[in-house]
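Shown here: my_file-v5.cif, mmCIF, C-alpha atoms and all ligand atoms.
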```
data_work
#
loop_
_atom_site.label_atom_id
_atom_site.label_comp_id
_atom_site.auth_asym_id
_atom_site.auth_seq_id
_atom_site.Cartn_x
_atom_site.Cartn_y
_atom_site.Cartn_z
CA MET B 1 110.00 108.14 77.74
CA ILE B 2 111.24 108.12 81.33
CA ILE B 3 114.87 108.51 82.34
CA VAL B 4 115.72 107.25 85.82
CA THR B 5 119.10 108.12 87.31
CA VAL B 6 121.10 106.49 90.06
CA LYS B 7 120.52 107.73 93.61
CA LYS B 8 123.78 109.66 93.83
CA PHE B 9 123.19 111.80 90.76
CA ASN B 10 125.13 114.98 91.31
CA GLU B 11 124.37 118.52 90.17
CA SER B 12 126.86 118.51 87.29
CA GLN B 13 125.49 115.17 85.97
CA LYS B 14 122.01 116.68 86.20
CA GLN B 15 123.02 119.81 84.29
CA THR B 16 124.70 117.70 81.58
CA LEU B 17 121.51 115.69 81.12
CA PHE B 18 119.24 118.74 81.02
CA LYS B 19 121.59 120.53 78.60
CA LEU B 20 121.55 117.56 76.25
CA LEU B 21 117.74 117.51 76.31
CA VAL B 22 117.44 121.24 75.66
CA GLU B 23 120.08 121.27 72.93
CA SER B 24 118.39 118.31 71.23
CA GLY B 25 115.13 120.29 71.23
CA TYR B 26 113.18 118.21 73.76
CA LYS B 27 110.85 119.43 76.46
CA TYR B 28 111.01 117.56 79.76
CA GLN B 29 109.52 117.46 83.26
CA ASP B 30 111.49 116.16 86.18
CA THR B 31 111.07 115.19 89.78
CA ASN B 32 113.09 113.52 92.46
CA PHE B 33 112.09 110.22 94.01
CA ASP B 34 114.19 109.18 97.03
CA GLY B 35 117.30 110.87 95.61
CA ARG B 36 116.86 109.63 92.05
CA GLN B 37 116.21 112.18 89.32
CA VAL B 38 113.29 110.98 87.23
CA VAL B 39 112.81 112.82 83.95
CA VAL B 40 109.88 112.51 81.56
CA VAL B 41 110.42 113.33 77.90
CA PRO B 42 106.89 113.42 76.48
CA ASP B 43 107.92 113.59 72.81
CA LEU B 44 107.23 110.23 71.15
CA ASN B 45 109.79 110.87 68.45
CA THR B 46 112.95 110.53 70.54
CA GLY B 47 115.16 109.28 67.66
CA LYS B 48 118.81 108.97 68.67
CA LEU B 49 118.25 110.64 72.03
CA LYS B 50 118.12 107.33 73.87
CA ASP B 51 121.61 106.34 72.62
CA LYS B 52 123.06 109.70 73.61
CA ILE B 53 121.55 109.54 77.11
CA THR B 54 122.68 105.96 77.63
CA LYS B 55 126.28 107.19 77.22
CA LEU B 56 125.96 109.71 80.08
CA SER B 57 127.13 108.76 83.54
CA GLY B 58 124.65 108.07 86.31
CA ILE B 59 121.77 106.85 84.17
CA GLU B 60 120.10 103.77 85.65
CA LYS B 61 117.42 103.08 83.07
CA ILE B 62 115.43 104.52 80.20
CA VAL B 63 111.89 103.21 79.81
CA GLU B 64 109.41 103.69 77.00
CA VAL B 65 106.07 103.99 78.82
CA LYS B 66 102.87 103.03 77.02
CA GLU B 67 100.52 104.56 79.58
CA PRO B 68 99.81 108.30 79.47
CA TYR B 69 100.72 108.61 83.15
CA GLN B 70 104.45 108.28 83.65
CA LEU B 71 105.67 109.56 87.02
CA CYS B 72 102.75 107.88 88.81
CA SER B 73 103.71 104.51 87.39
CA PHE B 74 106.04 101.83 88.71
CA ASN B 75 108.32 102.54 85.74
CA ALA B 76 109.29 105.80 87.40
CA LYS B 77 109.51 104.39 90.93
CA SER B 78 109.41 100.74 91.82
CA SER B 79 108.91 101.12 95.59
CA ALA B 80 105.70 102.29 97.29
CA THR B 81 105.67 105.98 98.16
CA VAL B 82 105.33 106.71 101.85
CA ILE B 83 104.15 110.11 103.00
CA SER B 84 104.96 111.07 106.51
CA VAL B 85 104.19 114.31 108.32
CA CYS B 86 104.03 114.80 112.11
CA ASP B 87 102.81 111.37 113.33
CA PHE B 88 100.76 110.84 110.20
CA LYS B 89 102.23 108.19 107.94
CA VAL B 90 100.62 106.57 104.95
CA GLY B 91 101.73 104.01 102.35
CA ASP B 92 103.64 100.73 102.18
CA GLY B 93 101.82 99.12 105.09
CA ALA B 94 101.40 102.29 107.16
CA PHE B 95 97.64 102.76 107.69
CA GLY B 96 97.12 106.50 108.12
CA VAL B 97 93.85 107.74 109.56
CA ILE B 98 92.55 111.27 109.05
CA GLY B 99 89.47 112.16 111.11
CA GLY B 100 87.57 115.33 111.82
CA PRO B 101 84.60 117.49 110.97
CA CYS B 102 83.53 118.36 107.46
CA THR B 103 84.12 121.99 108.30
CA VAL B 104 85.79 124.02 111.01
CA GLU B 105 82.93 125.69 112.90
CA SER B 106 84.62 127.10 116.00
CA GLU B 107 87.78 126.69 118.03
CA LYS B 108 86.02 124.69 120.72
CA GLN B 109 84.28 122.33 118.28
CA THR B 110 87.51 121.70 116.35
CA ILE B 111 89.76 121.15 119.35
CA ASP B 112 87.21 118.94 121.14
CA ILE B 113 86.91 116.74 118.06
CA ALA B 114 90.68 116.77 117.49
CA ILE B 115 91.32 115.46 121.01
CA GLN B 116 88.78 112.71 120.52
CA VAL B 117 89.92 111.57 117.09
CA ARG B 118 93.50 111.46 118.37
CA LYS B 119 92.39 109.27 121.27
CA ALA B 120 90.61 106.99 118.83
CA GLY B 121 93.82 106.45 116.83
CA ALA B 122 93.78 109.10 114.10
CA THR B 123 97.10 110.77 113.34
CA ALA B 124 95.73 113.61 111.22
CA LEU B 125 92.87 116.06 111.63
CA ARG B 126 90.65 117.04 108.72
CA GLY B 127 88.35 120.07 108.59
CA GLY B 128 87.52 122.44 105.78
CA ALA B 129 88.21 126.15 106.13
CA PHE B 130 87.40 126.77 102.46
CA LYS B 131 84.33 124.74 101.58
CA PRO B 132 83.17 123.82 98.08
CA ARG B 133 79.38 124.07 98.48
CA THR B 134 76.75 123.31 95.86
CA SER B 135 74.74 126.31 97.00
CA PRO B 136 76.23 129.81 97.12
CA TYR B 137 73.92 130.44 100.10
CA ALA B 138 75.38 127.60 102.19
CA PHE B 139 78.13 128.11 104.79
CA GLN B 140 81.36 128.64 102.85
CA GLY B 141 83.84 128.05 105.68
CA LEU B 142 85.68 130.27 108.14
CA LYS B 143 88.52 130.73 105.61
CA GLU B 144 91.77 132.03 107.15
CA ALA B 145 90.22 132.17 110.63
CA GLY B 146 89.47 128.46 110.18
CA LEU B 147 93.08 127.75 109.21
CA LYS B 148 94.25 129.49 112.39
CA ILE B 149 91.95 127.26 114.44
CA LEU B 150 93.35 124.17 112.72
CA ALA B 151 96.89 125.30 113.52
CA LYS B 152 95.86 125.66 117.17
CA ALA B 153 94.38 122.17 117.11
CA ARG B 154 97.72 120.85 115.81
CA ALA B 155 99.57 122.66 118.60
CA GLU B 156 97.21 121.11 121.18
CA THR B 157 97.16 117.56 119.84
CA GLY B 158 100.16 117.03 117.54
CA LEU B 159 97.81 115.90 114.77
CA ALA B 160 98.83 116.72 111.20
CA ILE B 161 96.36 119.07 109.49
CA VAL B 162 94.61 118.15 106.24
CA THR B 163 92.45 120.88 104.72
CA GLU B 164 91.17 121.89 101.31
CA ALA B 165 92.18 124.65 98.93
CA MET B 166 89.99 125.50 95.95
CA SER B 167 92.02 128.06 94.02
CA CYS B 168 95.67 128.79 93.25
CA SER B 169 95.84 131.64 95.74
CA GLU B 170 94.22 129.49 98.43
CA VAL B 171 96.84 126.77 97.94
CA SER B 172 99.67 129.09 99.04
CA LEU B 173 97.67 130.36 102.01
CA VAL B 174 96.48 126.90 103.09
CA ALA B 175 100.05 125.57 102.81
CA GLU B 176 101.19 128.19 105.36
CA TYR B 177 99.01 126.51 107.99
CA ALA B 178 98.35 122.94 106.87
CA ASP B 179 100.54 119.85 106.64
CA VAL B 180 98.60 118.36 103.74
CA VAL B 181 96.60 120.35 101.18
CA GLN B 182 93.42 118.66 99.95
CA VAL B 183 92.16 119.03 96.39
CA GLY B 184 88.47 118.13 96.39
CA THR B 185 86.49 116.05 93.96
CA ARG B 186 85.07 119.09 92.16
CA ASN B 187 88.56 120.39 91.45
CA ALA B 188 90.16 117.08 90.58
CA GLN B 189 90.51 118.18 86.96
CA ASN B 190 91.21 121.85 87.58
CA TYR B 191 94.52 121.71 85.77
CA ARG B 192 95.78 125.18 86.72
CA LEU B 193 95.14 124.32 90.37
CA LEU B 194 96.94 121.00 89.96
CA GLU B 195 99.91 122.80 88.36
CA LYS B 196 100.00 125.14 91.34
CA CYS B 197 100.01 122.10 93.65
CA GLY B 198 102.92 120.79 91.58
CA GLU B 199 104.92 123.92 92.40
CA MET B 200 104.35 123.44 96.13
CA ARG B 201 106.53 121.32 98.37
CA VAL B 202 103.76 120.21 100.69
CA PRO B 203 101.92 116.86 100.45
CA ILE B 204 98.73 117.02 98.40
CA LEU B 205 95.72 114.81 99.08
CA LEU B 206 94.02 114.48 95.71
CA LYS B 207 90.44 113.27 95.70
CA ARG B 208 89.12 111.34 92.74
CA GLY B 209 86.76 113.42 90.62
CA PHE B 210 83.33 111.83 91.00
CA SER B 211 83.12 111.34 87.24
CA CYS B 212 86.77 110.53 86.61
CA THR B 213 88.00 107.23 85.26
CA LEU B 214 91.00 105.77 87.05
CA GLU B 215 93.19 106.90 84.17
CA GLU B 216 91.90 110.47 84.46
CA PHE B 217 92.46 110.29 88.23
CA LEU B 218 96.08 109.25 87.69
CA MET B 219 96.55 111.95 85.04
CA SER B 220 95.48 114.54 87.61
CA ALA B 221 98.09 113.17 90.02
CA GLU B 222 100.58 113.27 87.13
CA TYR B 223 100.08 117.05 86.86
CA ILE B 224 101.27 117.44 90.45
CA LEU B 225 104.22 115.07 90.06
CA ALA B 226 105.23 116.68 86.74
CA GLY B 227 105.55 119.99 88.56
CA GLY B 228 108.17 118.45 90.83
CA ASN B 229 106.00 117.77 93.88
CA ASN B 230 106.42 114.06 94.55
CA GLN B 231 104.21 113.96 97.64
CA VAL B 232 100.75 112.96 96.48
CA ILE B 233 98.18 110.91 98.38
CA LEU B 234 95.31 109.61 96.26
CA CYS B 235 91.84 109.49 97.83
CA GLU B 236 88.97 107.37 96.51
CA ARG B 237 85.82 109.12 97.71
CA GLY B 238 83.14 107.50 95.58
CA ILE B 239 81.90 108.13 92.08
CA ARG B 240 78.56 109.12 90.61
CA THR B 241 76.64 106.25 89.10
CA PHE B 242 72.99 105.58 88.24
CA GLU B 243 72.45 104.58 91.89
CA THR B 244 70.57 107.18 93.93
CA TYR B 245 69.98 105.60 97.35
CA GLN B 246 73.54 106.36 98.44
CA ARG B 247 75.17 109.75 97.96
CA TYR B 248 77.89 108.30 95.72
CA THR B 249 79.04 104.77 94.93
CA PHE B 250 82.20 103.40 96.55
CA PRO B 251 84.02 101.39 93.87
CA ALA B 252 85.95 99.01 96.12
CA GLY B 253 87.65 97.43 93.12
CA SER B 254 89.44 100.67 92.29
CA ILE B 255 91.74 100.11 95.27
CA PRO B 256 93.44 96.85 94.18
CA MET B 257 93.41 98.13 90.58
CA LEU B 258 95.18 101.39 91.44
CA LYS B 259 97.64 99.44 93.57
CA THR B 260 98.82 97.67 90.42
CA LEU B 261 99.15 100.95 88.50
CA THR B 262 100.81 103.37 90.91
CA HIS B 263 103.30 103.64 93.74
CA LEU B 264 101.32 106.50 95.33
CA PRO B 265 99.55 105.88 98.66
CA LEU B 266 95.79 105.57 98.43
CA VAL B 267 93.28 106.37 101.16
CA VAL B 268 89.51 105.95 101.13
CA ASP B 269 86.90 108.46 102.23
CA PRO B 270 83.88 106.33 103.15
CA SER B 271 81.93 109.35 104.47
CA HIS B 272 81.27 111.19 101.22
CA ALA B 273 80.71 107.89 99.40
CA ALA B 274 78.05 106.71 101.86
CA GLY B 275 76.41 110.03 102.63
CA ARG B 276 74.89 108.47 105.73
CA ALA B 277 76.71 107.73 108.97
CA GLU B 278 75.15 104.28 109.40
CA PHE B 279 76.85 103.01 106.22
CA VAL B 280 80.27 104.57 106.85
CA PRO B 281 81.74 101.71 108.96
CA ALA B 282 80.79 99.05 106.39
CA LEU B 283 82.53 100.99 103.61
CA ALA B 284 85.56 101.62 105.83
CA PHE B 285 85.82 97.87 106.57
CA ALA B 286 85.61 97.16 102.85
CA ALA B 287 88.36 99.75 102.21
CA ALA B 288 90.61 98.13 104.82
CA ALA B 289 89.92 94.69 103.35
CA VAL B 290 90.76 95.66 99.76
CA GLY B 291 94.12 97.18 100.68
CA ALA B 292 93.58 100.91 101.21
CA ASP B 293 96.54 102.64 102.88
CA GLY B 294 94.29 104.62 105.19
CA LEU B 295 91.03 106.47 105.71
CA LEU B 296 89.66 109.99 105.69
CA VAL B 297 86.53 110.09 107.84
CA GLU B 298 84.12 112.81 108.91
CA VAL B 299 83.63 112.94 112.68
CA HIS B 300 81.53 115.42 114.63
CA ASN B 301 80.79 115.62 118.35
CA ASN B 302 77.21 116.65 117.62
CA PRO B 303 76.35 115.53 114.07
CA GLU B 304 72.75 116.87 114.21
CA SER B 305 74.02 120.40 114.67
CA ALA B 306 76.89 120.21 112.15
CA LEU B 307 77.06 123.09 109.66
CA CYS B 308 78.00 120.72 106.87
CA ASP B 309 77.65 116.97 106.20
CA GLY B 310 76.27 116.08 109.65
CA ARG B 311 74.21 113.27 108.11
CA GLN B 312 77.36 111.36 107.21
CA SER B 313 79.44 112.26 110.27
CA LEU B 314 80.29 109.65 112.90
CA THR B 315 80.37 110.52 116.58
CA PRO B 316 83.83 110.15 118.15
CA LYS B 317 82.61 106.98 119.89
CA GLU B 318 81.42 105.41 116.64
CA PHE B 319 84.69 106.45 115.00
CA ALA B 320 86.77 104.81 117.74
CA CYS B 321 84.79 101.60 117.53
CA MET B 322 85.07 101.53 113.73
CA LEU B 323 88.83 102.11 113.80
CA LYS B 324 89.43 99.23 116.20
CA LYS B 325 87.74 96.87 113.76
CA CYS B 326 89.54 98.39 110.75
CA LYS B 327 92.92 97.79 112.40
CA LYS B 328 91.98 94.14 112.92
CA ILE B 329 91.02 93.83 109.27
CA VAL B 330 94.27 95.49 108.15
CA ASN B 331 96.30 93.11 110.34
CA LEU B 332 94.43 90.12 108.99
CA VAL B 333 94.90 91.18 105.38
CA ASN B 334 98.60 91.97 105.87
CA LYS B 335 99.29 88.72 107.73
CA LYS B 336 101.67 86.44 105.86
CA ASP B 337 100.23 82.90 105.79
C1 LIG B 401 85.27 117.15 102.00
O1 LIG B 401 86.22 116.39 102.20
O2 LIG B 401 84.65 117.74 102.91
C2 LIG B 401 84.78 117.30 100.62
C3 LIG B 401 84.15 118.41 100.23
O3 LIG B 401 85.02 116.22 99.88
P1 LIG B 401 84.76 115.94 98.32
O4 LIG B 401 85.59 116.90 97.57
O5 LIG B 401 85.19 114.51 98.18
O6 LIG B 401 83.27 116.10 98.08
MN MN B 402 82.20 116.94 103.80
#
```
Can you present the structure in this file as structure tokens?
Ligand code: PEP
Ligand code: MN
Amino acid sequence: MIIVTVKKFNESQKQTLFKLLVESGYKYQDTNFDGRQVVVVPDLNTGKLKDKITKLSGIEKIVEVKEPYQLCSFNAKSSATVISVCDFKVGDGAFGVIGGPCTVESEKQTIDIAIQVRKAGATALRGGAFKPRTSPYAFQGLKEAGLKILAKARAETGLAIVTEAMSCSEVSLVAEYADVVQVGTRNAQNYRLLEKCGEMRVPILLKRGFSCTLEEFLMSAEYILAGGNNQVILCERGIRTFETYQRYTFPAGSIPMLKTLTHLPLVVDPSHAAGRAEFVPALAFAAAAVGADGLLVEVHNNPESALCDGRQSLTPKEFACMLKKCKKIVNLVNKKD
């Protein structure tokens, strides 16, 4: 059950509601969407609770939700969520572009790429300082030194910083430097990590687990929202299927589907889905055409020498050319006939 309050719900009304829930023996999770208190009571046996709550002042609606995800759904919030940090804005028609290397390699590499992705139209810089690598022998990232470089790149370019954290302790550290904390595909169902992200008050970019159903993907986002952090950006980055010629499979249909299920903004990462730079633009065009709210793209000024994911990285020139076409597609799709 979801309880949605009016926008001007004051502290004493809030305490009265919470006291009633506690005294009636119910557990609840709450968050705030645009000034409204939104409270989830997971217990299915809510008996007379609904009648009691209806009598309180400031209650707008009480909804019985059939889906397991509650705060992600339009029952909890009917308007699209927009996430905005520095010049980066995503959701409800705002097409936010995040570009940058797979990993931060050096200050020069990062700042050179940052300047070029900014020029091409990106408003956020990506780059891993903590890298989830399949091999323990592969480059694991510059860690805090990498975060410091990213912060310098923000100071130089004004780009918002998006970078990954893989553990609870990394989340707090990454949040000291970054504007958006990324949770990668391999951690998409790391529930303790998601709970930690829920405690934070920094936007979280949550990648879809490569074996997650859309419902599982939304349940992972629900963990973050249930902790009180209402700033979640979903990222479709491709799933694992029986297909082996591409690194992952980009399920274009997940975009319009998710758009009917959730108010959260949804970006697409065509780079990890394609695995090869030559296919990245086609997947990005598809993403723009099916209604994605933005893109997360790997860009490197010298892909052959990249320490990680060079094979799928676009050059800044290719990135700029791709973005121009994406913007045209977005305009065409958004055009009212
Ligand atoms: C990344 O963005 O560099 C990354 C590791 O992505 P994913 O978690 O989608 O594989
Ligand atoms: Mn990568």
Check which residues fall inside 8 Å of ligand LIG 401 (chain B) when counting only C-alpha atoms and all ligand atoms, and print them as an MDAnalysis selection string.
chainID B and resid 102:103 126:128 131:133 164 182:187 207:210 237:238 269 272 298 309
Go ahead and compute the interatomic distance for CA of Phe88 in chain B and CA of Ser167 in chain B, in Å to one decimal.
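CA of Ser167 in chain B lies 25.2 Å from CA of Phe88 in chain B.
Interatomic distance, CA of Gln29 in chain B against CA of Gly227 in chain B: 7.1 Å.
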Dig up all the protein and nucleic acid residues within 9 Å of (111.9, 106.9, 76.6) in the file frame, using only C-alpha atoms, and format them as a list of chain:residue names.
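I get B:Met1, B:Ile2, B:Ile3, B:Val40, B:Val41, B:Pro42, B:Asp43, B:Leu44, B:Thr46, B:Leu49, B:Lys50, B:Ile62, B:Val63, B:Glu64, B:Val65 for the residues within 9 Å of that point.
Each of B:Ile59, B:Val267, B:Cys197, B:Met166 was checked against Gly141 in chain B using all atoms listed in the file; the smallest atom-to-atom distance is that of B:Met166.
One distance worth recording is that between CA of Val181 in chain B and CA of Val4 in chain B, which is 27.8 Å.
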Between B:Lys317, B:Arg247, B:Lys324, B:Lys27, which is the closest to ligand MN 402 (chain B) once you count only C-alpha atoms and all ligand atoms?
B:Arg247
Quick one: of B:Ala165, B:Leu147, B:Ala282, B:Leu258, who's nearest to Thr110 in chain B, counting only C-alpha atoms?
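When distances to Thr110 in chain B are compared using only C-alpha atoms, the smallest one comes from B:Leu147.
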Return the single residue from B:Cys308, B:Leu193, B:Leu125, B:Ala153 that is closest to ligand MN 402 (chain B), with distances computed using all atoms listed in the file.
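For ligand MN 402 (chain B), the nearest of the given residues is B:Cys308.
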If you count all atoms listed in the file, which residues fall within 12 Å of Gly58 in chain B, apart from same-chain ones fewer than 3 positions away, as an MDAnalysis selection string?
chainID B and resid 3:14 16:17 36:38 53:55 61:62
Test item: residues at most 10 Å from Ala286 in chain B, only C-alpha atoms, excluding those fewer than 4 positions along its chain, as a list in words
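Near neighbours after the sequence-gap exclusion: Phe250, Ala252, Gly253, Val268, Pro270, Val280, Pro281, Ala282, Val290, Gly291, Ala292, Cys326 and Ile329 of chain B.
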Could you check which of B:Lys89, B:Glu199, B:Asn190, B:Gln140 is closest to Glu216 in chain B, using all atoms listed in the file?
B:Asn190
I'd like to know which of B:Asn301, B:Ser135, B:Gln70, B:Thr262 is closest to Pro101 in chain B, using only C-alpha atoms.
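Using only C-alpha atoms, Pro101 in chain B sits closest to B:Asn301.
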Could you give me the axis-aligned bounding box of range 233-250 of chain B, with 5 Å of padding per side, as centre plus edge lengths in Å to one decimal, as lines of an AutoDock Vina configuration file?
```
center_x = 84.1
center_y = 107.2
center_z = 93.3
size_x = 38.2
size_y = 17.5
size_z = 20.2
```
As a VMD selection string, please: the residues near Ile113 in chain B (cut-off 9 Å, all atoms listed in the file, same-chain neighbours under 2 positions excluded).
chain B and resid 99 to 101 108 to 111 115 to 118 125 299 to 301 316
Shell around Gly91 in chain B at 7 Å using all atoms listed in the file, local window under 4 positions removed, as a list of chain:residue names
B:Ala80, B:Thr81, B:Val82, B:Ile83, B:Phe95, B:Pro265, B:Asp293
